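Colleague: Have a peek at start36.csv (CSV, N, CA and C atoms).
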chain,number,residue,atom,x,y,z
M,1,MET,N,51.5,-57.0,82.2
M,1,MET,CA,51.7,-58.4,81.8
M,1,MET,C,53.1,-58.8,82.1
M,2,LEU,N,54.1,-57.9,82.0
M,2,LEU,CA,55.5,-58.2,82.2
M,2,LEU,C,55.7,-58.6,83.7
M,3,ILE,N,55.1,-57.8,84.6
M,3,ILE,CA,55.2,-58.1,86.0
M,3,ILE,C,54.5,-59.5,86.3
M,4,GLU,N,53.4,-59.7,85.7
M,4,GLU,CA,52.7,-60.9,86.0
M,4,GLU,C,53.5,-62.1,85.5
M,5,ALA,N,54.2,-62.0,84.4
M,5,ALA,CA,55.0,-63.1,83.9
M,5,ALA,C,56.2,-63.4,84.8
M,6,GLU,N,56.8,-62.4,85.4
M,6,GLU,CA,57.9,-62.6,86.2
M,6,GLU,C,57.5,-63.0,87.7
M,7,ALA,N,56.3,-62.6,88.1
M,7,ALA,CA,55.9,-62.8,89.5
M,7,ALA,C,55.2,-64.2,89.7
M,8,ASN,N,54.6,-64.8,88.6
M,8,ASN,CA,53.8,-66.0,88.8
M,8,ASN,C,54.2,-67.1,87.8
M,9,SER,N,54.4,-68.2,88.3
M,9,SER,CA,54.7,-69.4,87.5
M,9,SER,C,53.5,-69.9,86.7
M,10,ALA,N,52.3,-69.4,87.0
M,10,ALA,CA,51.1,-69.7,86.2
M,10,ALA,C,50.4,-68.3,86.0
M,11,PRO,N,51.0,-67.5,85.2
M,11,PRO,CA,50.5,-66.1,85.0
M,11,PRO,C,49.1,-66.0,84.5
M,12,TRP,N,48.4,-65.0,84.9
M,12,TRP,CA,47.1,-64.7,84.4
M,12,TRP,C,47.3,-64.3,82.9
M,13,SER,N,46.2,-64.5,82.1
M,13,SER,CA,46.2,-64.0,80.7
M,13,SER,C,45.7,-62.6,80.7
M,14,GLU,N,45.9,-61.9,79.6
M,14,GLU,CA,45.5,-60.6,79.4
M,14,GLU,C,43.9,-60.5,79.6
M,15,GLN,N,43.2,-61.5,79.1
M,15,GLN,CA,41.8,-61.6,79.3
M,15,GLN,C,41.4,-61.7,80.8
M,16,SER,N,42.2,-62.4,81.6
M,16,SER,CA,41.9,-62.5,83.0
M,16,SER,C,42.0,-61.1,83.6
M,17,PHE,N,43.0,-60.3,83.2
M,17,PHE,CA,43.1,-58.9,83.8
M,17,PHE,C,41.9,-58.1,83.3
M,18,ARG,N,41.5,-58.2,82.0
M,18,ARG,CA,40.4,-57.5,81.5
M,18,ARG,C,39.1,-57.8,82.3
M,19,ASN,N,39.0,-59.1,82.7
M,19,ASN,CA,37.8,-59.5,83.5
M,19,ASN,C,37.9,-58.9,84.9
M,20,GLU,N,39.1,-58.8,85.5
M,20,GLU,CA,39.2,-58.1,86.8
M,20,GLU,C,38.8,-56.7,86.7
M,21,LEU,N,39.2,-56.0,85.6
M,21,LEU,CA,38.9,-54.6,85.5
M,21,LEU,C,37.4,-54.3,85.3
M,22,THR,N,36.6,-55.3,84.8
M,22,THR,CA,35.2,-55.1,84.5
M,22,THR,C,34.3,-55.8,85.5
M,23,HIS,N,34.9,-56.5,86.5
M,23,HIS,CA,34.1,-57.2,87.5
M,23,HIS,C,33.3,-56.2,88.3
M,24,SER,N,32.0,-56.5,88.5
M,24,SER,CA,31.1,-55.5,89.1
M,24,SER,C,31.5,-55.2,90.6
M,25,GLY,N,32.0,-56.1,91.3
M,25,GLY,CA,32.5,-55.9,92.7
M,25,GLY,C,33.9,-55.8,92.8
M,26,GLY,N,34.6,-55.6,91.7
M,26,GLY,CA,36.1,-55.6,91.7
M,26,GLY,C,36.7,-54.2,92.0
M,27,VAL,N,37.9,-54.3,92.6
M,27,VAL,CA,38.7,-53.1,92.8
M,27,VAL,C,40.1,-53.5,92.4
M,28,PHE,N,40.7,-52.7,91.5
M,28,PHE,CA,42.0,-53.0,91.0
M,28,PHE,C,42.9,-51.8,91.1
M,29,LEU,N,44.0,-51.9,91.8
M,29,LEU,CA,44.9,-50.8,92.0
M,29,LEU,C,46.2,-51.0,91.2
M,30,VAL,N,46.9,-50.0,90.8
M,30,VAL,CA,48.2,-50.0,90.1
M,30,VAL,C,49.1,-49.1,90.9
M,31,ALA,N,50.3,-49.6,91.2
M,31,ALA,CA,51.3,-48.8,91.9
M,31,ALA,C,52.2,-48.2,90.8
M,32,LEU,N,52.4,-46.9,90.8
M,32,LEU,CA,53.3,-46.2,89.8
M,32,LEU,C,54.5,-45.6,90.6
M,33,LEU,N,55.6,-45.7,89.9
M,33,LEU,CA,56.8,-45.0,90.4
M,33,LEU,C,57.4,-44.3,89.2
M,34,ALA,N,57.5,-43.0,89.2
M,34,ALA,CA,58.0,-42.2,88.1
M,34,ALA,C,57.3,-42.5,86.8
M,35,GLY,N,55.9,-42.8,86.9
M,35,GLY,CA,55.2,-43.1,85.7
M,35,GLY,C,55.2,-44.5,85.2
M,36,GLU,N,56.0,-45.3,85.9
M,36,GLU,CA,56.2,-46.7,85.5
M,36,GLU,C,55.3,-47.6,86.5
M,37,VAL,N,54.6,-48.6,85.9
M,37,VAL,CA,53.9,-49.5,86.7
M,37,VAL,C,54.9,-50.5,87.4
M,38,VAL,N,54.8,-50.5,88.7
M,38,VAL,CA,55.8,-51.3,89.5
M,38,VAL,C,55.0,-52.4,90.3
M,39,GLY,N,53.7,-52.3,90.3
M,39,GLY,CA,53.0,-53.3,91.0
M,39,GLY,C,51.5,-53.2,90.8
M,40,TYR,N,50.7,-54.1,91.3
M,40,TYR,CA,49.3,-54.0,91.2
M,40,TYR,C,48.6,-55.0,92.2
M,41,GLY,N,47.4,-54.8,92.5
M,41,GLY,CA,46.6,-55.6,93.4
M,41,GLY,C,45.1,-55.5,93.1
M,42,GLY,N,44.4,-56.5,93.4
M,42,GLY,CA,43.0,-56.5,93.2
M,42,GLY,C,42.2,-57.3,94.2
M,43,MET,N,41.0,-57.0,94.3
M,43,MET,CA,40.1,-57.7,95.2
M,43,MET,C,38.7,-57.6,94.7
M,44,TRP,N,37.9,-58.6,95.2
M,44,TRP,CA,36.4,-58.6,94.9
M,44,TRP,C,35.7,-58.3,96.2
M,45,LEU,N,34.8,-57.5,96.2
M,45,LEU,CA,33.9,-57.2,97.3
M,45,LEU,C,32.6,-58.0,97.1
M,46,VAL,N,32.5,-59.0,98.0
M,46,VAL,CA,31.3,-60.0,97.9
M,46,VAL,C,30.6,-60.0,99.2
M,47,ILE,N,29.5,-59.4,99.2
M,47,ILE,CA,28.6,-59.2,100.4
M,47,ILE,C,29.4,-58.6,101.5
M,48,ASP,N,29.9,-59.3,102.5
M,48,ASP,CA,30.7,-58.7,103.6
M,48,ASP,C,32.2,-59.1,103.6
M,49,GLU,N,32.6,-59.6,102.5
M,49,GLU,CA,34.0,-60.1,102.4
M,49,GLU,C,34.8,-59.4,101.3
M,50,ALA,N,36.0,-59.1,101.6
M,50,ALA,CA,37.0,-58.6,100.5
M,50,ALA,C,37.9,-59.7,100.2
M,51,HIS,N,37.7,-60.3,99.0
M,51,HIS,CA,38.6,-61.4,98.7
M,51,HIS,C,39.7,-60.9,97.8
M,52,ILE,N,41.0,-61.0,98.3
M,52,ILE,CA,42.1,-60.5,97.6
M,52,ILE,C,42.4,-61.5,96.4
M,53,THR,N,42.4,-61.0,95.2
M,53,THR,CA,42.6,-61.9,94.0
M,53,THR,C,44.0,-61.9,93.6
M,54,THR,N,44.7,-60.8,93.7
M,54,THR,CA,46.1,-60.8,93.2
M,54,THR,C,46.9,-59.6,93.8
M,55,VAL,N,48.1,-59.8,94.0
M,55,VAL,CA,49.1,-58.8,94.4
M,55,VAL,C,50.4,-59.2,93.8
M,56,ALA,N,51.0,-58.3,93.1
M,56,ALA,CA,52.4,-58.6,92.5
M,56,ALA,C,53.2,-57.3,92.4
M,57,VAL,N,54.5,-57.4,92.5
M,57,VAL,CA,55.4,-56.3,92.4
M,57,VAL,C,56.5,-56.7,91.5
M,58,ALA,N,57.0,-55.8,90.7
M,58,ALA,CA,58.1,-56.1,89.8
M,58,ALA,C,59.3,-56.5,90.6
M,59,THR,N,60.1,-57.4,90.1
M,59,THR,CA,61.2,-58.0,90.9
M,59,THR,C,62.1,-56.9,91.4
M,60,GLU,N,62.5,-55.9,90.6
M,60,GLU,CA,63.5,-54.9,91.0
M,60,GLU,C,62.9,-53.9,92.0
M,61,HIS,N,61.6,-54.0,92.3
M,61,HIS,CA,61.0,-53.1,93.2
M,61,HIS,C,60.5,-53.8,94.5
M,62,ARG,N,60.8,-55.0,94.6
M,62,ARG,CA,60.4,-55.8,95.8
M,62,ARG,C,61.2,-55.4,97.1
M,63,ARG,N,60.6,-55.6,98.2
M,63,ARG,CA,61.2,-55.3,99.5
M,63,ARG,C,61.3,-53.8,99.7
M,64,LYS,N,60.4,-53.0,99.1
M,64,LYS,CA,60.4,-51.6,99.3
M,64,LYS,C,59.1,-51.1,99.9
M,65,GLY,N,58.2,-52.0,100.3
M,65,GLY,CA,56.9,-51.6,100.9
M,65,GLY,C,55.8,-51.4,99.9
M,66,ILE,N,56.0,-51.7,98.6
M,66,ILE,CA,55.0,-51.5,97.6
M,66,ILE,C,53.8,-52.5,97.8
M,67,ALA,N,54.1,-53.7,98.0
M,67,ALA,CA,53.0,-54.7,98.2
M,67,ALA,C,52.2,-54.4,99.4
M,68,ARG,N,52.9,-54.0,100.5
M,68,ARG,CA,52.2,-53.6,101.7
M,68,ARG,C,51.3,-52.4,101.5
M,69,ALA,N,51.8,-51.4,100.7
M,69,ALA,CA,51.0,-50.2,100.4
M,69,ALA,C,49.8,-50.5,99.6
M,70,ILE,N,49.9,-51.5,98.7
M,70,ILE,CA,48.8,-51.9,97.9
M,70,ILE,C,47.8,-52.6,98.8
M,71,MET,N,48.2,-53.5,99.7
M,71,MET,CA,47.3,-54.2,100.6
M,71,MET,C,46.6,-53.3,101.5
M,72,VAL,N,47.4,-52.3,102.1
M,72,VAL,CA,46.8,-51.3,103.0
M,72,VAL,C,45.7,-50.6,102.3
M,73,GLU,N,45.9,-50.1,101.1
M,73,GLU,CA,44.9,-49.4,100.4
M,73,GLU,C,43.7,-50.2,100.0
M,74,LEU,N,43.9,-51.5,99.6
M,74,LEU,CA,42.8,-52.4,99.3
M,74,LEU,C,41.9,-52.6,100.6
M,75,LEU,N,42.6,-52.8,101.7
M,75,LEU,CA,41.8,-53.1,102.9
M,75,LEU,C,41.1,-51.8,103.4
M,76,ALA,N,41.8,-50.6,103.3
M,76,ALA,CA,41.2,-49.4,103.6
M,76,ALA,C,39.9,-49.1,102.8
M,77,ARG,N,40.0,-49.4,101.5
M,77,ARG,CA,38.8,-49.2,100.7
M,77,ARG,C,37.7,-50.2,101.1
M,78,ALA,N,38.1,-51.5,101.4
M,78,ALA,CA,37.1,-52.4,101.8
M,78,ALA,C,36.4,-52.0,103.1
M,79,LYS,N,37.2,-51.5,104.0
M,79,LYS,CA,36.7,-51.0,105.3
M,79,LYS,C,35.7,-49.9,105.1
M,80,ARG,N,36.0,-48.9,104.2
M,80,ARG,CA,35.1,-47.8,103.9
M,80,ARG,C,33.8,-48.3,103.3
M,81,GLU,N,33.8,-49.5,102.7
M,81,GLU,CA,32.6,-50.1,102.1
M,81,GLU,C,31.8,-50.9,103.1
M,82,ASN,N,32.3,-50.8,104.4
M,82,ASN,CA,31.7,-51.6,105.5
M,82,ASN,C,31.8,-53.1,105.4
M,83,VAL,N,32.9,-53.5,104.7
M,83,VAL,CA,33.2,-54.9,104.6
M,83,VAL,C,33.7,-55.4,106.0
M,84,GLU,N,33.3,-56.7,106.4
M,84,GLU,CA,33.6,-57.2,107.7
M,84,GLU,C,34.9,-58.0,107.8
M,85,CYS,N,35.3,-58.6,106.6
M,85,CYS,CA,36.5,-59.5,106.7
M,85,CYS,C,37.1,-59.6,105.3
M,86,SER,N,38.3,-60.2,105.3
M,86,SER,CA,39.0,-60.3,104.1
M,86,SER,C,39.7,-61.7,104.0
M,87,SER,N,39.7,-62.3,102.8
M,87,SER,CA,40.4,-63.6,102.6
M,87,SER,C,41.3,-63.6,101.4
M,88,LEU,N,42.2,-64.6,101.4
M,88,LEU,CA,43.1,-64.7,100.3
M,88,LEU,C,43.7,-66.1,100.3
M,89,GLU,N,44.2,-66.5,99.2
M,89,GLU,CA,45.0,-67.7,99.1
M,89,GLU,C,46.4,-67.3,98.6
M,90,VAL,N,47.4,-68.0,99.2
M,90,VAL,CA,48.8,-67.7,98.9
M,90,VAL,C,49.6,-69.0,98.7
M,91,ARG,N,50.5,-69.0,97.8
M,91,ARG,CA,51.3,-70.2,97.7
M,91,ARG,C,52.1,-70.5,99.0
M,92,ALA,N,52.0,-71.8,99.4
M,92,ALA,CA,52.7,-72.2,100.7
M,92,ALA,C,54.1,-71.8,100.7
M,93,GLY,N,54.8,-71.8,99.6
M,93,GLY,CA,56.2,-71.5,99.5
M,93,GLY,C,56.5,-70.0,99.5
M,94,ASN,N,55.5,-69.1,99.4
M,94,ASN,CA,55.8,-67.7,99.3
M,94,ASN,C,55.9,-67.1,100.7
M,95,ILE,N,57.0,-67.4,101.3
M,95,ILE,CA,57.2,-67.0,102.7
M,95,ILE,C,57.1,-65.5,102.9
M,96,ALA,N,57.6,-64.7,102.0
M,96,ALA,CA,57.6,-63.2,102.1
M,96,ALA,C,56.1,-62.7,102.1
M,97,ALA,N,55.3,-63.3,101.2
M,97,ALA,CA,53.9,-62.8,101.2
M,97,ALA,C,53.2,-63.2,102.4
M,98,ILE,N,53.4,-64.5,102.9
M,98,ILE,CA,52.7,-64.9,104.1
M,98,ILE,C,53.1,-64.0,105.3
M,99,ALA,N,54.4,-63.7,105.4
M,99,ALA,CA,54.8,-62.8,106.5
M,99,ALA,C,54.1,-61.4,106.4
M,100,LEU,N,54.0,-60.9,105.2
M,100,LEU,CA,53.3,-59.6,105.0
M,100,LEU,C,51.9,-59.7,105.4
M,101,TYR,N,51.2,-60.7,105.0
M,101,TYR,CA,49.8,-60.9,105.4
M,101,TYR,C,49.6,-61.0,106.9
M,102,LYS,N,50.5,-61.8,107.5
M,102,LYS,CA,50.4,-61.9,108.9
M,102,LYS,C,50.6,-60.6,109.6
M,103,ALA,N,51.6,-59.8,109.1
M,103,ALA,CA,51.9,-58.5,109.7
M,103,ALA,C,50.7,-57.6,109.6
M,104,LEU,N,49.8,-57.8,108.6
M,104,LEU,CA,48.6,-57.0,108.4
M,104,LEU,C,47.4,-57.5,109.2
M,105,GLY,N,47.6,-58.6,109.9
M,105,GLY,CA,46.6,-59.1,110.7
M,105,GLY,C,45.9,-60.4,110.2
M,106,TYR,N,46.3,-60.9,109.1
M,106,TYR,CA,45.7,-62.2,108.6
M,106,TYR,C,46.2,-63.4,109.4
M,107,GLY,N,45.4,-64.4,109.5
M,107,GLY,CA,45.8,-65.6,110.2
M,107,GLY,C,45.6,-66.8,109.2
M,108,GLU,N,46.5,-67.8,109.3
M,108,GLU,CA,46.4,-69.0,108.5
M,108,GLU,C,45.2,-69.8,109.0
M,109,ILE,N,44.3,-70.2,108.2
M,109,ILE,CA,43.2,-71.0,108.7
M,109,ILE,C,43.0,-72.4,108.0
M,110,ALA,N,43.6,-72.6,106.9
M,110,ALA,CA,43.5,-73.8,106.2
M,110,ALA,C,44.6,-74.0,105.1
M,111,VAL,N,44.7,-75.2,104.6
M,111,VAL,CA,45.6,-75.4,103.5
M,111,VAL,C,44.8,-76.1,102.4
M,112,ARG,N,44.9,-75.6,101.2
M,112,ARG,CA,44.3,-76.3,100.0
M,112,ARG,C,45.4,-77.1,99.3
M,113,LYS,N,45.3,-78.4,99.5
M,113,LYS,CA,46.3,-79.3,98.9
M,113,LYS,C,46.3,-79.2,97.4
M,114,GLY,N,47.5,-79.1,96.8
M,114,GLY,CA,47.6,-79.1,95.3
M,114,GLY,C,46.8,-78.1,94.6
M,115,TYR,N,46.6,-76.9,95.2
M,115,TYR,CA,45.7,-75.9,94.7
M,115,TYR,C,46.2,-75.3,93.4
M,116,TYR,N,47.5,-75.0,93.2
M,116,TYR,CA,48.0,-74.4,92.0
M,116,TYR,C,48.2,-75.4,90.9
M,117,PRO,N,47.6,-75.1,89.7
M,117,PRO,CA,47.6,-76.1,88.7
M,117,PRO,C,49.0,-76.3,88.0
M,118,ASP,N,49.9,-75.3,88.1
M,118,ASP,CA,51.1,-75.4,87.3
M,118,ASP,C,52.1,-76.4,88.0
M,119,ASN,N,52.1,-76.5,89.3
M,119,ASN,CA,53.0,-77.4,90.0
M,119,ASN,C,52.4,-78.1,91.2
M,120,ARG,N,51.1,-78.0,91.3
M,120,ARG,CA,50.3,-78.7,92.4
M,120,ARG,C,50.7,-78.2,93.8
M,121,GLU,N,51.3,-77.0,93.9
M,121,GLU,CA,51.7,-76.5,95.2
M,121,GLU,C,50.5,-76.2,96.0
M,122,ASP,N,50.6,-76.4,97.3
M,122,ASP,CA,49.5,-76.1,98.2
M,122,ASP,C,49.3,-74.6,98.3
M,123,ALA,N,48.1,-74.2,98.7
M,123,ALA,CA,47.7,-72.8,99.0
M,123,ALA,C,47.4,-72.7,100.5
M,124,VAL,N,47.9,-71.7,101.1
M,124,VAL,CA,47.5,-71.3,102.5
M,124,VAL,C,46.4,-70.4,102.4
M,125,VAL,N,45.3,-70.7,103.0
M,125,VAL,CA,44.1,-69.9,103.1
M,125,VAL,C,44.2,-69.0,104.3
M,126,MET,N,44.1,-67.7,104.1
M,126,MET,CA,44.3,-66.7,105.2
M,126,MET,C,43.1,-65.8,105.3
M,127,TRP,N,42.7,-65.5,106.5
M,127,TRP,CA,41.6,-64.6,106.8
M,127,TRP,C,42.0,-63.5,107.7
M,128,LEU,N,41.4,-62.3,107.5
M,128,LEU,CA,41.5,-61.2,108.4
M,128,LEU,C,40.0,-60.9,108.8
M,129,TYR,N,39.7,-61.1,110.1
M,129,TYR,CA,38.4,-60.9,110.7
M,129,TYR,C,38.3,-59.5,111.3
M,130,ASP,N,37.1,-59.1,111.4
M,130,ASP,CA,36.7,-57.8,112.1
M,130,ASP,C,37.5,-56.7,111.4
M,131,LEU,N,37.3,-56.6,110.1
M,131,LEU,CA,38.0,-55.5,109.3
M,131,LEU,C,37.6,-54.1,109.8
M,132,GLN,N,36.4,-54.0,110.3
M,132,GLN,CA,36.0,-52.6,110.8
M,132,GLN,C,36.8,-52.2,112.0
M,133,GLN,N,37.5,-53.1,112.7
M,133,GLN,CA,38.3,-52.7,113.8
M,133,GLN,C,39.8,-52.6,113.4
M,134,TRP,N,40.1,-53.0,112.2
M,134,TRP,CA,41.5,-53.1,111.7
M,134,TRP,C,42.1,-51.7,111.4
M,135,ALA,N,43.4,-51.7,111.7
M,135,ALA,CA,44.1,-50.4,111.4
M,135,ALA,C,45.5,-50.9,111.0
M,136,ALA,N,46.1,-50.3,109.9
M,136,ALA,CA,47.4,-50.7,109.5
M,136,ALA,C,48.4,-50.3,110.6
M,137,SER,N,49.3,-51.2,110.9
M,137,SER,CA,50.3,-50.8,111.9
M,137,SER,C,51.7,-50.6,111.3
Written as structure tokens, how would this file's structure read?
Modeller:
Amino acid sequence: MLIEAEANSAPWSEQSFRNELTHSGGVFLVALLAGEVVGYGGMWLVIDEAHITTVAVATEHRRKGIARAIMVELLARAKRENVECSSLEVRAGNIAAIALYKALGYGEIAVRKGYYPDNREDAVVMWLYDLQQWAAS
């Protein structure tokens, strides 16, 4: 919850996290460093799609490859489940996250105007197609 509060201007509630952990098609990963939670990420597997629901890293551990490692593991698990594609929404102003997703093969396909309720920021919708041919580079 501490990472969530520092990473998001509209943080998820504890109940939202509990819902993620019990979602029937959900996968939720936690990154540990010396026994300390330093990041997390989740996705829903829905038919042939892996929808990334959240990725966050503690401020002091950013720019160390943790978010990338979380994303690579999420996508690898989706690929093992024979999922065909992956989608996500990201704040338009989150340049670092957009760059990471592009480096992993996602493309920007749309913008959802005023998507985020806290400040009406736009969301960039990104897709990674042909996940079965995907490999982390």
Colleague: Give me the residues within 9 Å of Glu121 in chain M as a PDB file with N, CA and C atoms, keeping the file's coordinate frame, counting only C-alpha atoms and dropping any in the same chain fewer than 4 places off.
Modeller:
ATOM      1  N   ARG M  91      50.500 -69.000  97.800  1.00  0.00           N
ATOM      2  CA  ARG M  91      51.300 -70.200  97.700  1.00  0.00           C
ATOM      3  C   ARG M  91      52.100 -70.500  99.000  1.00  0.00           C
ATOM      4  N   ALA M  92      52.000 -71.800  99.400  1.00  0.00           N
ATOM      5  CA  ALA M  92      52.700 -72.200 100.700  1.00  0.00           C
ATOM      6  C   ALA M  92      54.100 -71.800 100.700  1.00  0.00           C
ATOM      7  N   GLY M  93      54.800 -71.800  99.600  1.00  0.00           N
ATOM      8  CA  GLY M  93      56.200 -71.500  99.500  1.00  0.00           C
ATOM      9  C   GLY M  93      56.500 -70.000  99.500  1.00  0.00           C
ATOM     10  N   ARG M 112      44.900 -75.600 101.200  1.00  0.00           N
ATOM     11  CA  ARG M 112      44.300 -76.300 100.000  1.00  0.00           C
ATOM     12  C   ARG M 112      45.400 -77.100  99.300  1.00  0.00           C
ATOM     13  N   LYS M 113      45.300 -78.400  99.500  1.00  0.00           N
ATOM     14  CA  LYS M 113      46.300 -79.300  98.900  1.00  0.00           C
ATOM     15  C   LYS M 113      46.300 -79.200  97.400  1.00  0.00           C
ATOM     16  N   GLY M 114      47.500 -79.100  96.800  1.00  0.00           N
ATOM     17  CA  GLY M 114      47.600 -79.100  95.300  1.00  0.00           C
ATOM     18  C   GLY M 114      46.800 -78.100  94.600  1.00  0.00           C
ATOM     19  N   TYR M 115      46.600 -76.900  95.200  1.00  0.00           N
ATOM     20  CA  TYR M 115      45.700 -75.900  94.700  1.00  0.00           C
ATOM     21  C   TYR M 115      46.200 -75.300  93.400  1.00  0.00           C
ATOM     22  N   TYR M 116      47.500 -75.000  93.200  1.00  0.00           N
ATOM     23  CA  TYR M 116      48.000 -74.400  92.000  1.00  0.00           C
ATOM     24  C   TYR M 116      48.200 -75.400  90.900  1.00  0.00           C
ATOM     25  N   PRO M 117      47.600 -75.100  89.700  1.00  0.00           N
ATOM     26  CA  PRO M 117      47.600 -76.100  88.700  1.00  0.00           C
ATOM     27  C   PRO M 117      49.000 -76.300  88.000  1.00  0.00           C
TER      28      PRO M 117
END
Colleague: With a distance cut-off of 7 Å and only C-alpha atoms, select the neighbouring residues of range 36-40 of chain M, excluding the residue or stretch itself and same-chain residues fewer than 3 positions from it, and output the selection as a count of residues only.
Modeller: 10
Colleague: Please run DSSP on the backbone and report, as a list in words, all residues within range 6-57 of chain M that come out as helix (DSSP H, G or I).
Modeller: Glu6, Ala7, Glu14, Gln15, Ser16, Phe17, Arg18, Asn19, Glu20, Leu21 and Thr22 of chain M
Colleague: Rounded to one decimal in Å, what is the spacing between CA of Gly107 in chain M and atom N of Glu49 in chain M?
Modeller: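 Computing the Euclidean distance for CA of Gly107 in chain M and atom N of Glu49 in chain M yields 16.4 Å.
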Colleague: So how far away is CA of Gly65 in chain M from CA of Lys102 in chain M, in Å?
Modeller: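 CA of Lys102 in chain M sits 14.6 Å away from CA of Gly65 in chain M.
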Colleague: Out of M:Ala136, M:Val111, M:Trp44, M:Glu4, which residue has the shortest atom-to-atom distance to His23 in chain M when counting only N, CA and C atoms?
Modeller: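 Among M:Ala136, M:Val111, M:Trp44, M:Glu4, it is M:Trp44 that comes nearest to His23 in chain M.
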Colleague: Mind pulling up the distance from CA of Leu104 in chain M to CA of Ser137 in chain M?
Modeller: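 Computing the Euclidean distance for CA of Ser137 in chain M and CA of Leu104 in chain M yields 7.3 Å.
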